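Trainee: Let me give you the structure first, and then I'll get to my questions.
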Amino acid sequence: MINKPLSYLLLRLAVAMSMFGHGVVRIPKMDEFSAGMVKEFEQSLLPIALVQPFSYILPYIELLVGVFMLVGLFTKQAIVVGAITMIVLIFGSSMIESWGAISSQLIHILCFVLLLSYQQYDNYALDKLFFKK
């Protein structure tokens, strides 16, 4: 018999750790990360005036989505922000023809959609403690 709450928890924690990890390793080397991203996009259709601010915001979004999903607080909102972030990243990857990166981003968005679709099984979360339904 499948333990749906435990399965949900494990998927939520895996996606959360991925997002958290992306953010936590990029923040200490923010200028280096931003410069690399700007360089990647210099030949794309996207103006540097969009790429550079996004490159400074992205690690914080990833970190916050990861933290909120790890503890299970504002989980639905974190999942939606995470999914939107992936959609933006897929667009950006398309602009630089980074087809390999899109595979990982699609896997992430699939996980976000599954988490959103089966959120009724999210029994191990601070949301359950603070926002009893």
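In the structure tokens, the first chain shown is A, the next is B, and so on; residue numbers restart at 1 for each chain, and ligands run from 1 in the order shown.
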Can you write out as JSON lines which residues of region 62-119 of chain A fall within 12 Å of region 30-39 of chain A, alongside each residue's closest atom pair and its distance in Å to one decimal, counting only C-alpha atoms and ordering rows by chain and ascending residue number?
Mentor:
{"residue": "A:Leu89", "atom": "CA", "partner": "A:Met37", "partner_atom": "CA", "distance": 11.7}
{"residue": "A:Gly92", "atom": "CA", "partner": "A:Met37", "partner_atom": "CA", "distance": 10.4}
{"residue": "A:Ser93", "atom": "CA", "partner": "A:Met37", "partner_atom": "CA", "distance": 10.9}
{"residue": "A:Ile96", "atom": "CA", "partner": "A:Met37", "partner_atom": "CA", "distance": 10.7}
Trainee: I need the residues from that last selection saved to file as a PDB file, in the first residue's frame (with N, CA, C and O atoms), if you can.
Mentor:
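See part_9.pdb below for the written result:
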ATOM      1  N   LEU A  89      12.822  30.347 -16.597  1.00  0.00           N
ATOM      2  CA  LEU A  89      14.112  29.744 -16.936  1.00  0.00           C
ATOM      3  C   LEU A  89      14.052  28.967 -18.242  1.00  0.00           C
ATOM      4  O   LEU A  89      15.015  28.980 -19.028  1.00  0.00           O
ATOM      5  N   GLY A  92      14.282  31.509 -20.940  1.00  0.00           N
ATOM      6  CA  GLY A  92      15.660  31.972 -21.059  1.00  0.00           C
ATOM      7  C   GLY A  92      16.563  30.937 -21.707  1.00  0.00           C
ATOM      8  O   GLY A  92      17.370  31.268 -22.582  1.00  0.00           O
ATOM      9  N   SER A  93      16.423  29.687 -21.313  1.00  0.00           N
ATOM     10  CA  SER A  93      17.227  28.619 -21.908  1.00  0.00           C
ATOM     11  C   SER A  93      16.946  28.488 -23.399  1.00  0.00           C
ATOM     12  O   SER A  93      17.854  28.211 -24.193  1.00  0.00           O
ATOM     13  N   ILE A  96      18.881  31.041 -25.504  1.00  0.00           N
ATOM     14  CA  ILE A  96      20.300  30.775 -25.748  1.00  0.00           C
ATOM     15  C   ILE A  96      20.518  29.350 -26.279  1.00  0.00           C
ATOM     16  O   ILE A  96      21.642  28.868 -26.329  1.00  0.00           O
TER      17      ILE A  96
END
Trainee: Need the shell around Ile90 (chain A): protein/DNA/RNA residues with any atom at most 12 Å away, counting only C-alpha atoms. Skip same-chain ones fewer than 6 positions apart. Format as a list in words?
Mentor: Ala83, Ile84, Ile96, Glu97, Ser98, Trp99, Gly100, Ala101, Ile102, Ser103, Ser104, Gln105, Leu106, Ile107, His108 and Ile109 of chain A
Trainee: For Thr75 (chain A), list every protein, DNA or RNA residue within 9 Å, evaluated using only C-alpha atoms, and leave out those in the same chain fewer than 5 positions away; present the list as number ranges by chain.
Mentor: A: 65, 68-70, 80, 116, 119, 125-127
Trainee: Those residues with C-alpha atoms, as a compact mmCIF listing (two decimals), in the first residue's frame please?
Mentor:
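That gives us result26.txt:
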# COMPACT_ATOMS: atom_id res chain seq x y z
CA VAL A 65 11.25 28.66 -2.44
CA PHE A 68 9.53 27.46 2.50
CA MET A 69 9.12 24.06 0.86
CA LEU A 70 11.60 22.41 3.25
CA VAL A 80 3.57 28.35 -7.63
CA LEU A 116 0.42 21.22 -6.41
CA GLN A 119 -1.19 18.89 -1.96
CA ALA A 125 4.19 20.60 7.04
CA LEU A 126 4.01 23.70 9.17
CA ASP A 127 1.02 24.74 7.06
Trainee: Quick one: distance from CA of Lys76 (chain A) to CA of Met17 (chain A) in Å, one decimal?
Mentor: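 Computing it gives 16.3 Å between the two atoms.
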Trainee: Please, what distance in Å, to one decimal, runs between CA of Ser55 (chain A) and CA of Phe112 (chain A)?
Mentor: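 Answer for the CA of Ser55 (chain A) to CA of Phe112 (chain A) separation: 21.7 Å.
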Trainee: Would you mind telling me which residue in A:Tyr8, A:Phe41, A:Tyr60, A:Phe130 lies nearest to Val25 (chain A) when using only C-alpha atoms?
Mentor: A:Tyr60
Trainee: Identify which of the residues A:Val71, A:Met86, A:Ile2, A:Leu129 lies closest to Cys111 (chain A), counting only C-alpha atoms when measuring atom-to-atom distances.
Mentor: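 Nearest to Cys111 (chain A): A:Met86.
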Trainee: Which residue, A:Asn123, A:Val88, A:Met1, A:His22, has the smallest gap to Val51 (chain A) when you use only C-alpha atoms?
Mentor: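 Ranked by minimum distance to Val51 (chain A), first place goes to A:Val88.
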Trainee: Rounded to one decimal in Å, what is the spacing between CA of Leu114 (chain A) and CA of Ser18 (chain A)?
Mentor: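 So the two atoms, CA of Leu114 (chain A) and CA of Ser18 (chain A), lie 15.8 Å apart.
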Trainee: Where in region 67-100 of chain A does DSSP assign helix (DSSP H, G or I), given as a list in words?
Mentor: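 Those residues are Val67, Phe68, Met69, Leu70, Val71, Thr75, Lys76, Gln77, Ala78, Ile79, Val80, Val81, Gly82, Ala83, Ile84, Thr85, Met86, Ile87, Val88, Leu89, Ile90, Phe91, Gly92, Ser93, Ser94, Met95, Trp99 and Gly100 of chain A.
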Trainee: Take the residues from that selection and put them in a file with C-alpha atoms, as an mmCIF file, in the first residue's frame.
Mentor:
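Result written to out_10.cif:
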data_model
loop_
_atom_site.group_PDB
_atom_site.id
_atom_site.type_symbol
_atom_site.label_atom_id
_atom_site.label_comp_id
_atom_site.auth_asym_id
_atom_site.auth_seq_id
_atom_site.Cartn_x
_atom_site.Cartn_y
_atom_site.Cartn_z
ATOM 1 C CA VAL A 67 13.311 27.129 2.537
ATOM 2 C CA PHE A 68 9.525 27.464 2.502
ATOM 3 C CA MET A 69 9.124 24.064 0.864
ATOM 4 C CA LEU A 70 11.598 22.406 3.252
ATOM 5 C CA VAL A 71 9.614 23.474 6.303
ATOM 6 C CA THR A 75 3.849 25.607 0.518
ATOM 7 C CA LYS A 76 1.262 26.286 -2.181
ATOM 8 C CA GLN A 77 2.634 29.773 -2.777
ATOM 9 C CA ALA A 78 6.216 28.470 -2.841
ATOM 10 C CA ILE A 79 5.247 25.774 -5.352
ATOM 11 C CA VAL A 80 3.571 28.346 -7.627
ATOM 12 C CA VAL A 81 6.560 30.717 -7.416
ATOM 13 C CA GLY A 82 8.886 27.788 -8.118
ATOM 14 C CA ALA A 83 6.854 26.728 -11.152
ATOM 15 C CA ILE A 84 6.745 30.276 -12.534
ATOM 16 C CA THR A 85 10.502 30.524 -12.008
ATOM 17 C CA MET A 86 10.977 27.347 -14.035
ATOM 18 C CA ILE A 87 8.794 28.712 -16.836
ATOM 19 C CA VAL A 88 10.947 31.866 -16.955
ATOM 20 C CA LEU A 89 14.112 29.744 -16.936
ATOM 21 C CA ILE A 90 12.773 27.576 -19.765
ATOM 22 C CA PHE A 91 12.153 30.722 -21.814
ATOM 23 C CA GLY A 92 15.660 31.972 -21.059
ATOM 24 C CA SER A 93 17.227 28.619 -21.908
ATOM 25 C CA SER A 94 15.343 28.654 -25.213
ATOM 26 C CA MET A 95 16.733 32.100 -25.995
ATOM 27 C CA TRP A 99 18.359 22.528 -24.770
ATOM 28 C CA GLY A 100 20.095 20.366 -22.153
#
Trainee: Let me make sure I understand: among A:Leu115, A:Leu10, A:Leu46, A:Val24, which one has the smallest atom-to-atom distance to Gly66 (chain A) if we use only C-alpha atoms?
Mentor: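 With only C-alpha atoms as the atom set, the closest residue is A:Val24.
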Trainee: Given the choices A:Glu42, A:Ile57, A:Phe131, A:Glu62, which gets closest to Val15 (chain A) if the distance is worked out from only C-alpha atoms?
Mentor: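 The shortest atom-to-atom distance to Val15 (chain A) comes from A:Glu62.
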Trainee: Have a look at A:Gln52, A:Asn3, A:Gln43, A:Leu9 and name the one nearest to Tyr124 (chain A); count only C-alpha atoms.
Mentor: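 Among A:Gln52, A:Asn3, A:Gln43, A:Leu9, it is A:Leu9 that comes nearest to Tyr124 (chain A).
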